[in-house]
file target.txt (compact mmCIF, C-alpha atoms)
# COMPACT_ATOMS: atom_id res chain seq x y z
CA MET M 6 -37.53 27.65 0.63
CA SER M 7 -36.26 26.38 -2.67
CA ARG M 8 -36.94 27.72 -6.09
CA PHE M 9 -37.45 24.11 -7.18
CA ILE M 10 -40.52 23.44 -5.06
CA GLU M 11 -43.50 22.78 -7.26
CA LYS M 12 -45.59 20.45 -5.15
CA ASN M 13 -45.45 20.27 -1.40
CA VAL M 14 -47.88 17.57 -0.37
CA GLU M 15 -46.37 16.97 3.06
CA LYS M 16 -45.95 20.69 3.86
CA ASP M 17 -42.32 20.01 4.53
CA GLY M 18 -40.74 22.46 2.15
CA VAL M 19 -39.41 19.77 -0.12
CA ASP M 20 -41.15 18.19 -3.05
CA ARG M 21 -40.10 15.05 -4.82
CA ARG M 22 -39.20 16.73 -8.06
CA GLY M 23 -37.23 19.52 -6.38
CA PHE M 24 -35.47 17.02 -4.24
CA LEU M 25 -34.48 14.87 -7.16
CA LYS M 26 -33.22 17.93 -8.99
CA CYS M 27 -31.17 18.78 -5.96
CA MET M 28 -29.77 15.28 -6.01
CA ALA M 29 -29.17 15.16 -9.72
CA TRP M 30 -25.80 16.86 -9.67
CA ALA M 31 -24.52 14.44 -7.10
CA GLY M 32 -23.52 12.07 -9.88
CA THR M 33 -22.05 8.84 -8.67
CA GLY M 34 -22.19 9.73 -4.97
CA ALA M 35 -23.67 7.67 -2.21
CA LEU M 36 -26.35 8.87 0.13
CA CYS M 37 -26.20 7.90 3.75
CA VAL M 38 -29.05 8.35 6.14
CA MET M 39 -28.80 7.64 9.80
CA LYS M 40 -31.90 6.62 11.72
CA GLY M 41 -31.79 5.77 15.38
CA GLY M 42 -28.06 5.22 15.14
CA VAL M 43 -28.27 2.88 12.19
CA LEU M 44 -26.75 4.05 8.96
CA LYS M 45 -28.40 3.15 5.71
CA SER M 46 -26.62 3.92 2.50
CA PHE M 47 -28.06 4.06 -0.98
CA ALA M 48 -26.49 4.43 -4.36
CA LEU M 49 -27.99 7.57 -5.82
CA SER M 50 -29.62 5.55 -8.56
CA ASP M 51 -31.66 3.85 -5.83
CA VAL M 52 -32.72 7.10 -4.23
CA MET M 53 -35.58 7.49 -6.70
CA GLN M 54 -37.27 4.47 -5.16
CA HIS M 55 -37.35 5.88 -1.65
CA ASN M 56 -39.71 8.29 -0.03
CA VAL M 57 -38.48 11.87 -0.22
CA GLY M 58 -39.33 12.28 3.46
CA ASP M 59 -36.45 9.96 4.26
CA PHE M 60 -33.97 12.61 3.20
CA LYS M 61 -35.39 16.04 3.87
CA GLY M 62 -33.76 18.16 6.54
CA ASP M 63 -34.48 20.94 9.06
CA LEU M 64 -30.90 22.00 8.98
CA SER M 65 -28.58 21.81 6.06
CA PHE M 66 -24.88 22.51 6.16
CA VAL M 67 -21.89 21.72 3.98
CA GLN M 68 -18.43 20.36 4.73
CA ILE M 69 -15.48 21.26 2.53
CA SER M 70 -11.96 20.12 3.23
CA ASP M 71 -8.31 20.06 2.24
CA SER M 72 -8.17 23.02 -0.17
CA HIS M 73 -4.34 23.02 0.03
CA ILE M 74 -4.07 26.50 -1.50
CA GLY M 75 -0.44 26.84 -2.67
CA PHE M 76 -0.09 23.26 -3.92
CA ASN M 77 0.94 23.31 -7.59
CA LYS M 78 2.37 19.88 -8.39
CA ALA M 79 1.30 17.33 -11.01
CA ALA M 80 -1.64 15.94 -9.00
CA ASN M 81 -3.40 19.30 -9.53
CA PRO M 82 -1.46 22.34 -10.79
CA ASP M 83 -4.34 24.74 -10.01
CA VAL M 84 -6.08 24.05 -6.72
CA THR M 85 -7.64 27.52 -6.65
CA ILE M 86 -9.75 26.67 -9.70
CA THR M 87 -11.05 23.43 -8.21
CA LEU M 88 -11.83 25.25 -4.95
CA ARG M 89 -13.87 27.75 -6.97
CA GLU M 90 -15.69 24.88 -8.67
CA ALA M 91 -16.49 23.41 -5.24
CA ILE M 92 -17.83 26.80 -4.12
CA ALA M 93 -20.00 26.98 -7.26
CA LYS M 94 -21.34 23.54 -6.42
CA VAL M 95 -22.31 24.68 -2.94
CA ASN M 96 -23.87 27.87 -4.30
CA ALA M 97 -25.96 25.81 -6.71
CA LEU M 98 -27.64 23.85 -3.90
CA PRO M 99 -31.41 24.46 -3.94
CA THR M 100 -31.31 25.05 -0.20
CA PRO M 101 -28.34 27.22 0.73
CA PRO M 102 -26.41 25.70 3.63
CA SER M 103 -26.92 27.45 6.97
CA PHE M 104 -23.17 27.38 7.38
CA VAL M 105 -20.06 25.66 6.07
CA LEU M 106 -17.47 23.65 7.96
CA HIS M 107 -13.92 23.66 6.61
CA THR M 108 -12.14 20.68 8.12
CA GLY M 109 -8.57 21.87 7.65
CA ASP M 110 -5.61 22.09 5.34
CA LEU M 111 -6.89 25.39 4.05
CA THR M 112 -3.36 25.96 2.74
CA HIS M 113 -0.46 23.80 1.68
CA LEU M 114 2.38 25.66 3.42
CA SER M 115 0.72 28.04 5.95
CA LYS M 116 1.89 31.05 3.94
CA PRO M 117 0.11 34.41 4.39
CA GLU M 118 -0.61 34.71 0.66
CA GLU M 119 -2.13 31.22 0.68
CA PHE M 120 -4.45 32.15 3.55
CA ASP M 121 -5.28 35.35 1.60
CA THR M 122 -6.28 33.42 -1.53
CA LEU M 123 -8.40 31.01 0.48
CA ALA M 124 -10.20 33.79 2.37
CA GLU M 125 -10.77 35.74 -0.83
CA SER M 126 -12.15 32.68 -2.67
CA LEU M 127 -14.52 31.71 0.15
CA LYS M 128 -16.07 35.18 0.18
CA SER M 129 -18.21 34.03 -2.74
CA LEU M 130 -19.74 31.16 -0.72
CA LYS M 131 -23.46 31.79 -0.25
CA THR M 132 -23.77 30.97 3.42
CA GLU M 133 -24.02 32.81 6.72
CA ARG M 134 -20.80 31.66 8.23
CA ILE M 135 -17.81 29.36 7.85
CA PHE M 136 -16.34 27.48 10.81
CA TYR M 137 -12.78 26.22 10.60
CA VAL M 138 -10.46 23.74 12.25
CA PRO M 139 -6.79 23.62 11.21
CA GLY M 140 -5.02 20.83 9.36
CA GLU M 141 -1.34 20.08 9.87
CA HIS M 142 -0.54 22.15 6.76
CA ASP M 143 -2.05 25.26 8.41
CA VAL M 144 0.16 25.24 11.50
CA LEU M 145 3.64 24.82 10.01
CA ASP M 146 6.46 26.78 11.68
CA ASP M 147 4.30 29.07 13.86
CA ASN M 148 2.24 26.59 15.92
CA GLY M 149 -0.89 27.81 14.19
CA ARG M 150 -0.67 31.45 15.31
CA MET M 151 -1.59 32.89 11.90
CA PHE M 152 -4.41 30.38 11.41
CA ARG M 153 -5.96 31.27 14.77
CA GLU M 154 -5.65 35.01 14.19
CA ARG M 155 -7.46 34.78 10.88
CA PHE M 156 -9.79 31.77 11.14
CA GLY M 157 -10.04 30.88 14.82
CA LYS M 158 -11.22 34.06 16.52
CA GLY M 159 -13.00 33.29 19.76
CA ALA M 160 -11.78 29.69 19.79
CA MET M 161 -10.13 28.08 22.79
CA GLY M 162 -6.57 26.78 23.14
CA ASP M 163 -5.15 25.72 19.78
CA GLY M 164 -8.43 26.58 18.05
CA TRP M 165 -11.09 24.25 19.44
CA HIS M 166 -14.64 25.55 19.84
CA SER M 167 -18.30 24.57 20.04
CA PHE M 168 -21.62 26.08 19.07
CA ASP M 169 -25.30 25.18 18.79
CA ARG M 170 -27.60 25.34 15.78
CA ASN M 171 -31.19 24.08 15.59
CA GLY M 172 -30.72 22.04 18.75
CA ILE M 173 -27.61 20.31 17.46
CA HIS M 174 -24.34 20.72 19.33
CA PHE M 175 -21.30 21.20 17.08
CA VAL M 176 -17.76 20.69 18.34
CA GLY M 177 -14.65 21.65 16.33
CA LEU M 178 -11.53 19.87 17.56
CA VAL M 179 -7.82 20.36 16.79
CA ASN M 180 -5.75 17.18 16.43
CA VAL M 181 -2.77 18.44 14.41
CA MET M 182 -0.67 20.14 17.10
CA ASN M 183 2.18 18.89 19.30
CA LEU M 184 2.40 15.57 17.49
CA LYS M 185 4.72 13.02 19.09
CA ALA M 186 7.41 11.00 17.30
CA GLY M 187 5.93 7.74 16.05
CA GLY M 188 2.41 8.84 16.94
CA LEU M 189 -0.82 9.79 15.20
CA GLY M 190 -3.02 12.86 15.44
CA SER M 191 -3.37 14.16 18.97
CA LEU M 192 -5.99 16.10 20.93
CA GLY M 193 -4.00 16.49 24.15
CA SER M 194 -5.10 16.59 27.77
CA GLU M 195 -6.09 20.26 27.88
CA GLN M 196 -8.49 19.90 24.96
CA LEU M 197 -9.88 16.61 26.30
CA GLU M 198 -10.66 18.26 29.64
CA TRP M 199 -12.42 21.09 27.84
CA LEU M 200 -14.41 18.63 25.71
CA GLU M 201 -15.58 16.58 28.69
CA LYS M 202 -16.85 19.75 30.33
CA ASP M 203 -18.32 21.10 27.10
CA VAL M 204 -20.66 18.13 26.56
CA SER M 205 -21.36 17.37 30.23
CA ALA M 206 -24.32 19.76 30.52
CA LEU M 207 -26.07 18.54 27.36
CA LYS M 208 -29.11 16.28 27.39
CA SER M 209 -28.40 12.80 26.07
CA SER M 210 -30.97 13.38 23.36
CA THR M 211 -28.95 16.26 21.91
CA PRO M 212 -27.50 15.30 18.53
CA ILE M 213 -23.76 15.99 18.37
CA VAL M 214 -21.61 16.72 15.35
CA VAL M 215 -17.86 16.62 15.92
CA PHE M 216 -15.53 17.93 13.23
CA ALA M 217 -11.73 17.73 13.12
CA HIS M 218 -9.06 17.40 10.46
CA ILE M 219 -7.44 13.99 11.04
CA PRO M 220 -9.91 11.10 11.33
CA LEU M 221 -11.00 10.33 14.90
CA TRP M 222 -10.99 6.62 14.11
CA ALA M 223 -8.19 4.30 13.00
CA VAL M 224 -8.59 4.48 9.23
CA TYR M 225 -5.02 3.37 8.54
CA PRO M 226 -2.55 4.07 11.34
CA GLN M 227 0.42 2.95 9.21
CA TRP M 228 -0.09 6.16 7.25
CA GLY M 229 -0.92 8.23 10.31
CA TRP M 230 -4.63 8.18 9.50
CA GLY M 231 -5.97 8.16 13.02
CA THR M 232 -5.82 10.03 16.33
CA ASP M 233 -4.02 8.64 19.40
CA ASP M 234 -6.48 9.87 22.02
CA SER M 235 -9.72 9.82 20.00
CA GLU M 236 -11.20 7.01 22.11
CA GLN M 237 -10.91 9.16 25.19
CA ALA M 238 -12.78 11.94 23.40
CA LEU M 239 -15.50 9.59 22.18
CA SER M 240 -15.92 8.10 25.66
CA TYR M 241 -17.44 11.43 26.75
CA MET M 242 -20.15 10.99 24.11
CA LYS M 243 -21.26 7.41 24.79
CA ARG M 244 -24.52 8.49 26.43
CA PHE M 245 -25.70 10.50 23.42
CA GLY M 246 -28.13 8.98 20.96
CA SER M 247 -26.63 10.50 17.86
CA VAL M 248 -22.99 11.43 17.29
CA THR M 249 -21.65 12.26 13.85
CA VAL M 250 -17.92 12.71 13.30
CA LEU M 251 -16.79 14.59 10.19
CA ASN M 252 -13.12 14.55 9.17
CA GLY M 253 -10.86 15.35 6.21
CA HIS M 254 -7.13 14.66 5.80
CA ILE M 255 -7.33 11.46 3.75
CA HIS M 256 -8.68 13.12 0.57
CA GLN M 257 -11.34 10.48 -0.08
CA THR M 258 -14.72 9.55 1.34
CA MET M 259 -14.94 6.76 3.83
CA GLN M 260 -17.36 5.90 6.59
CA LYS M 261 -17.99 3.64 9.47
CA VAL M 262 -20.68 3.21 12.10
CA GLU M 263 -19.77 2.16 15.61
CA GLY M 264 -22.65 2.06 18.09
CA ASN M 265 -24.10 5.56 18.33
CA VAL M 266 -21.29 7.13 16.28
CA THR M 267 -21.18 7.64 12.53
CA PHE M 268 -17.72 8.50 11.20
CA HIS M 269 -17.37 10.12 7.79
CA THR M 270 -14.47 11.62 5.85
CA ALA M 271 -14.83 14.14 3.03
CA CYS M 272 -13.09 14.55 -0.30
CA SER M 273 -10.46 17.22 -0.83
CA THR M 274 -11.13 20.11 -3.17
CA ALA M 275 -7.47 19.96 -4.27
CA PHE M 276 -6.07 16.50 -5.07
CA PRO M 277 -6.85 12.83 -4.35
CA GLN M 278 -4.79 10.50 -2.20
CA PRO M 279 -4.50 6.73 -2.62
CA GLN M 280 -6.69 4.23 -0.83
CA PRO M 281 -5.10 2.86 2.36
CA GLY M 282 -2.04 0.77 1.56
CA GLN M 283 -2.58 1.01 -2.20
CA ALA M 284 0.59 3.05 -2.83
CA ASP M 285 4.07 3.52 -1.37
CA SER M 286 2.90 6.54 0.57
CA PRO M 287 -0.21 8.64 1.21
CA GLY M 288 1.14 11.49 -0.96
CA PRO M 289 -0.81 13.34 -3.68
CA MET M 290 -2.06 10.93 -6.35
CA LYS M 291 -1.72 11.88 -10.01
CA VAL M 292 -4.67 10.63 -12.07
CA PRO M 293 -5.53 11.29 -15.73
CA ASP M 294 -6.80 14.87 -16.15
CA ASP M 295 -10.32 13.75 -17.05
CA LYS M 296 -10.53 11.70 -13.84
CA LEU M 297 -9.42 14.39 -11.37
CA ARG M 298 -12.76 16.11 -10.76
CA GLY M 299 -14.42 12.76 -10.15
CA LEU M 300 -12.19 12.39 -7.09
CA LEU M 301 -12.66 15.88 -5.64
CA GLY M 302 -15.83 17.12 -4.00
CA ILE M 303 -17.97 18.51 -1.23
CA THR M 304 -20.18 16.97 1.45
CA ASP M 305 -23.75 18.10 2.08
CA VAL M 306 -25.32 17.20 5.42
CA ASN M 307 -29.00 17.31 6.27
CA PHE M 308 -30.48 16.87 9.67
CA VAL M 309 -34.06 15.92 10.48
CA ARG M 310 -35.34 16.59 13.98
CA GLY M 311 -37.64 13.99 15.46
CA LYS M 312 -36.61 11.42 12.94
CA HIS M 313 -33.14 11.21 14.44
CA SER M 314 -31.73 11.06 11.01
CA LEU M 315 -28.75 12.74 9.50
CA GLY M 316 -28.19 12.48 5.79
CA ILE M 317 -24.71 12.78 4.36
CA VAL M 318 -24.36 13.26 0.62
CA ASP M 319 -20.92 13.33 -0.97
CA SER M 320 -20.78 14.80 -4.42
CA THR M 321 -17.88 15.19 -6.79
CA LEU M 322 -16.81 18.09 -8.95
CA ALA M 323 -17.20 16.00 -12.08
CA MET B 30 40.24 -12.12 49.56
CA LYS B 31 38.26 -14.11 47.09
CA ASN B 32 36.00 -11.05 46.58
CA ALA B 33 38.91 -8.69 46.05
CA ARG B 34 40.38 -10.96 43.35
CA TRP B 35 37.00 -11.11 41.64
CA ILE B 36 36.67 -7.31 41.62
CA LEU B 37 40.20 -6.94 40.26
CA GLY B 38 39.33 -9.38 37.46
CA VAL B 39 36.25 -7.35 36.50
CA VAL B 40 38.21 -4.10 36.50
CA LEU B 41 40.98 -5.54 34.31
CA THR B 42 38.46 -6.93 31.85
CA ALA B 43 36.74 -3.55 31.64
CA VAL B 44 40.03 -1.74 31.04
CA ALA B 45 40.98 -4.22 28.31
CA ALA B 46 37.60 -3.81 26.63
CA PHE B 47 37.86 -0.01 26.74
CA ALA B 48 41.39 -0.11 25.26
CA SER B 49 40.25 -2.28 22.36
CA ILE B 50 37.38 0.16 21.55
CA ALA B 51 39.78 3.10 21.71
CA VAL B 52 42.24 1.65 19.23
CA THR B 53 39.76 0.23 16.72
CA GLN B 54 37.49 2.78 15.07
CA PRO B 55 37.38 1.64 11.48
CA GLY B 56 35.86 3.77 8.73
CA VAL B 57 35.02 6.77 10.88
CA ALA B 58 36.27 10.25 10.07
CA LYS B 59 38.31 12.06 12.72
CA ALA B 60 36.36 14.14 15.22
CA GLY B 61 36.39 17.81 14.34
CA ASP B 62 36.75 17.18 10.61
CA GLN B 63 34.41 19.94 9.40
CA SER B 64 34.52 18.80 5.78
CA ALA B 65 32.70 15.53 6.52
CA ALA B 66 29.20 15.51 4.99
CA ALA B 67 26.34 13.07 4.63
CA GLU B 68 22.88 13.20 3.10
CA VAL B 69 19.47 11.90 4.06
CA LYS B 70 16.79 11.80 1.39
CA ILE B 71 13.10 12.21 2.11
CA ASP B 72 11.08 10.09 -0.31
CA ASN B 73 7.59 8.65 -0.04
CA PHE B 74 7.10 9.80 3.54
CA SER B 75 10.31 8.20 4.83
CA PHE B 76 13.86 9.19 5.72
CA GLY B 77 16.60 7.30 3.90
CA PRO B 78 18.68 5.89 5.37
CA ALA B 79 16.53 5.43 8.46
CA SER B 80 19.70 5.00 10.49
CA LEU B 81 22.78 7.00 9.51
CA THR B 82 26.14 6.65 11.27
CA VAL B 83 28.61 9.54 11.05
CA ALA B 84 31.69 10.87 12.83
CA ALA B 85 31.38 13.82 15.17
CA GLY B 86 31.75 17.01 13.16
CA THR B 87 29.82 15.71 10.19
CA THR B 88 27.25 17.97 8.58
CA VAL B 89 24.11 16.05 7.61
CA THR B 90 21.85 17.50 4.92
CA TRP B 91 18.25 16.41 4.46
CA LYS B 92 16.53 16.95 1.11
CA ASN B 93 12.77 16.65 0.60
CA ASN B 94 11.85 14.94 -2.68
CA ASP B 95 8.14 14.61 -1.84
CA ASP B 96 5.24 16.73 -3.13
CA VAL B 97 4.26 17.59 0.44
CA PRO B 98 6.19 19.47 3.16
CA HIS B 99 8.10 17.61 5.84
CA THR B 100 10.17 18.68 8.83
CA VAL B 101 13.26 17.29 10.55
CA VAL B 102 12.88 17.54 14.32
CA SER B 103 15.01 15.78 16.92
CA ASP B 104 13.15 14.16 19.79
CA ASP B 105 15.28 16.05 22.32
CA LYS B 106 14.88 19.40 20.49
CA ALA B 107 18.61 19.54 19.61
CA PHE B 108 17.65 20.53 16.07
CA ARG B 109 14.48 21.51 14.28
CA SER B 110 14.01 22.48 10.63
CA LYS B 111 11.35 24.73 9.26
CA ALA B 112 8.82 23.08 6.95
CA LEU B 113 10.70 21.83 3.89
CA ASP B 114 8.79 22.17 0.66
CA THR B 115 9.68 20.04 -2.38
CA ASP B 116 13.45 20.16 -3.04
CA ASP B 117 14.14 22.21 0.11
CA LYS B 118 17.15 21.25 2.23
CA PHE B 119 18.09 21.42 5.88
CA SER B 120 21.57 20.90 7.36
CA TYR B 121 22.82 20.30 10.87
CA THR B 122 26.38 19.68 12.09
CA PHE B 123 26.68 16.99 14.74
CA THR B 124 29.50 17.91 17.13
CA LYS B 125 28.83 15.52 20.02
CA PRO B 126 28.76 11.72 19.87
CA GLY B 127 25.43 10.10 20.66
CA THR B 128 22.24 8.77 19.13
CA TYR B 129 19.90 11.43 17.78
CA ASN B 130 16.36 10.19 17.16
CA TYR B 131 14.32 12.50 14.98
CA PHE B 132 10.95 12.63 13.20
CA CYS B 133 8.76 14.70 10.92
CA SER B 134 6.50 16.83 13.11
CA VAL B 135 3.94 17.05 10.27
CA HIS B 136 3.82 13.26 9.73
CA PRO B 137 5.07 11.83 13.03
CA LYS B 138 4.98 8.26 11.75
CA MET B 139 8.19 9.23 9.94
CA ILE B 140 10.96 8.41 12.40
CA ALA B 141 14.72 7.86 11.91
CA LYS B 142 18.03 8.41 13.68
CA VAL B 143 21.58 9.67 13.29
CA VAL B 144 24.29 7.89 15.27
CA VAL B 145 27.32 10.12 15.89
CA GLN B 146 30.57 8.41 16.87

call {"tool": "encode", "arguments": {"input": "target.txt", "output": "structure tokens"}}
result
Amino acid sequence: MSRFIEKNVEKDGVDRRGFLKCMAWAGTGALCVMKGGVLKSFALSDVMQHNVGDFKGDLSFVQISDSHIGFNKAANPDVTITLREAIAKVNALPTPPSFVLHTGDLTHLSKPEEFDTLAESLKSLKTERIFYVPGEHDVLDDNGRMFRERFGKGAMGDGWHSFDRNGIHFVGLVNVMNLKAGGLGSLGSEQLEWLEKDVSALKSSTPIVVFAHIPLWAVYPQWGWGTDDSEQALSYMKRFGSVTVLNGHIHQTMQKVEGNVTFHTACSTAFPQPQPGQADSPGPMKVPDDKLRGLLGITDVNFVRGKHSLGIVDSTLA
Amino acid sequence: MKNARWILGVVLTAVAAFASIAVTQPGVAKAGDQSAAAEVKIDNFSFGPASLTVAAGTTVTWKNNDDVPHTVVSDDKAFRSKALDTDDKFSYTFTKPGTYNYFCSVHPKMIAKVVVQ
């Protein structure tokens, strides 16, 4: 499995040393492991003291978000370089991810050449497939037509879709279209109807991973960091034992556990944004050059069948 | 008879009120004055001023000073800009009196209005 495996006492494909090597690059990140709906988080310095079996996974995938190709202002004049660094980070994982989720804002201005650069850069990702949902920056002026043609083939409606991997049901939702004055992100009735139907046939024991651009929980509505009809969507998933919601949009990691649902947001690969309410607006945040890469990153997710656990590791580009 | 006198009183009051509005319109450019112009700045995810009052015929220009794109879209679809990148502008000439509520369709928490007299 991994070129780092030297001892494999538990026949699980992961040894302690290889695992710790895999974790080493994660720097100051936090590790979150969900068991039976309860999220435990550890500072990475504490990880050493825990059993490796707590973190190993049957399925490993990566989330990247908010590449904003085309952005060239002070907060990061070259977002293509930091995207490439994020890709290198993914490619350096001891276990290559089965697939990658991009949770939107591929581009900054929905321009064809921006989509070109993104597609070209991601070709070097060592993974089988990349699944996308659009951010509001990907659907400017054309209601997302170009995005869907290039990154949403086979998707429904505005680009929503679902698929299954290793017994986990993945749902990609679109909450950046047809936004109403004064409102937040929006899923809309057509997508909600589809979602209700999509999950209705699943067994309650099926783990679900939902991914969408704007957070599906009220992170900070004053800045538009939430989705108006997310509660309706989540109501269809109450009966499931394990629901994990992965979002982007806010360019920083944040998480919350509510009953059976774990919410998590990923870093951007392009530029950081301020913490809720800590600036005049949620716009790009300029930090000293040597601090930038410590605020950008990727998210690695590991799933363990039988143990009902899902490990989320955020790691920066620093 | 009492009712008729009451109705007459209401009508006269209404006429008087209308006349006073018609003769007093201080500080407003004449309708049809194509040279009238006003500006709305987009800074820190907000439109400034949030409420702008202009005369009919005024051309309003929005300018985006933010590092992220915004749009200017009226709630009733009367006008709609393309995405405005940093320093981009959008103009619209208001010919009919009324209140025009608008927002940024990318960041819909950004709402404002133009009142045309």

call {"tool": "interface_residues", "arguments": {"input": "target.txt", "of": "chain M", "to": "chain B", "cutoff": "9 Å", "atoms": "only C-alpha atoms", "output": "list in words"}}
result
Phe76, Lys78, Ala79, His113, Leu114, Glu141, His142, Leu145, Asp146, Val181, Met182, Asn183, Leu184, Lys185, Ala186, Gly187, Gly188, Leu189, Gly190, Pro226, Gln227, Trp228, Gly229, Asp285, Ser286, Pro287, Gly288 and Pro289 of chain M

call {"tool": "residues_around", "arguments": {"input": "target.txt", "residues": "M:Leu221", "least_positions_apart": "5", "cutoff": "10 Å", "atoms": "only C-alpha atoms", "output": "count of residues only"}}
result
22

call {"tool": "residues_around", "arguments": {"input": "target.txt", "residues": "B:Thr82", "least_positions_apart": "4", "cutoff": "8 Å", "atoms": "all atoms listed in the file", "output": "MDAnalysis selection string"}}
result
chainID B and resid 143:146

call {"tool": "atom_distance", "arguments": {"input": "target.txt", "atom1": "atom CA of M:Gly177", "atom2": "atom CA of M:Ser247"}}
result
16.4 Å

call {"tool": "residues_near_point", "arguments": {"input": "target.txt", "point": "(27.2, 14.2, 6.8)", "cutoff": "9 Å", "atoms": "only C-alpha atoms", "output": "list in words"}}
result
Ser64, Ala65, Ala66, Ala67, Glu68, Val69, Leu81, Thr82, Val83, Ala84, Gly86, Thr87, Thr88, Val89, Thr90, Ser120, Tyr121, Thr122 and Phe123 of chain B

call {"tool": "atom_distance", "arguments": {"input": "target.txt", "atom1": "atom CA of M:Val248", "atom2": "atom CA of M:Leu88"}}
result
28.5 Å

call {"tool": "residues_near_point", "arguments": {"input": "target.txt", "point": "(-0.1, 30.7, 1.2)", "cutoff": "12 Å", "atoms": "only C-alpha atoms", "output": "PyMOL selection string"}}
result
chain M and resi 72-77+84-85+110-125+142-145+151-152

call {"tool": "atom_distance", "arguments": {"input": "target.txt", "atom1": "atom CA of M:Leu300", "atom2": "atom CA of M:Ala275"}}
result
9.4 Å

call {"tool": "axis_aligned_box", "arguments": {"input": "target.txt", "around": "stretch 96-111 of chain M", "padding_each_side": "3 Å", "output": "AutoDock Vina command-line options"}}
result
--center_x -18.5 --center_y 24.3 --center_z 0.7 --size_x 31.8 --size_y 13.2 --size_z 20.8

call {"tool": "closest_residue", "arguments": {"input": "target.txt", "among": "M:Gly109, M:Lys158, M:Ser129, M:Tyr225", "to": "M:Gln283", "atoms": "only C-alpha atoms"}}
result
M:Tyr225

call {"tool": "residues_around", "arguments": {"input": "target.txt", "residues": "M:Arg298", "least_positions_apart": "2", "cutoff": "8 Å", "atoms": "all atoms listed in the file", "output": "list of chain:residue names"}}
result
M:Thr87, M:Asp295, M:Lys296, M:Leu300, M:Leu301, M:Gly302, M:Thr321, M:Leu322, M:Ala323

call {"tool": "write_last_selection", "arguments": {"input": "target.txt", "atoms": "C-alpha atoms", "output": "CSV table (one decimal), in the frame of the given file"}}
result
chain,number,residue,atom,x,y,z
M,87,THR,CA,-11.0,23.4,-8.2
M,295,ASP,CA,-10.3,13.8,-17.0
M,296,LYS,CA,-10.5,11.7,-13.8
M,300,LEU,CA,-12.2,12.4,-7.1
M,301,LEU,CA,-12.7,15.9,-5.6
M,302,GLY,CA,-15.8,17.1,-4.0
M,321,THR,CA,-17.9,15.2,-6.8
M,322,LEU,CA,-16.8,18.1,-9.0
M,323,ALA,CA,-17.2,16.0,-12.1

call {"tool": "residues_around", "arguments": {"input": "target.txt", "residues": "B:Lys70", "least_positions_apart": "3", "cutoff": "6 Å", "atoms": "all atoms listed in the file", "output": "PyMOL selection string"}}
result
chain B and resi 76-77+91-92

call {"tool": "closest_residue", "arguments": {"input": "target.txt", "among": "M:Asn171, M:Gln257, M:Ser70, M:Gln237", "to": "M:Val224", "atoms": "all atoms listed in the file"}}
result
M:Gln257
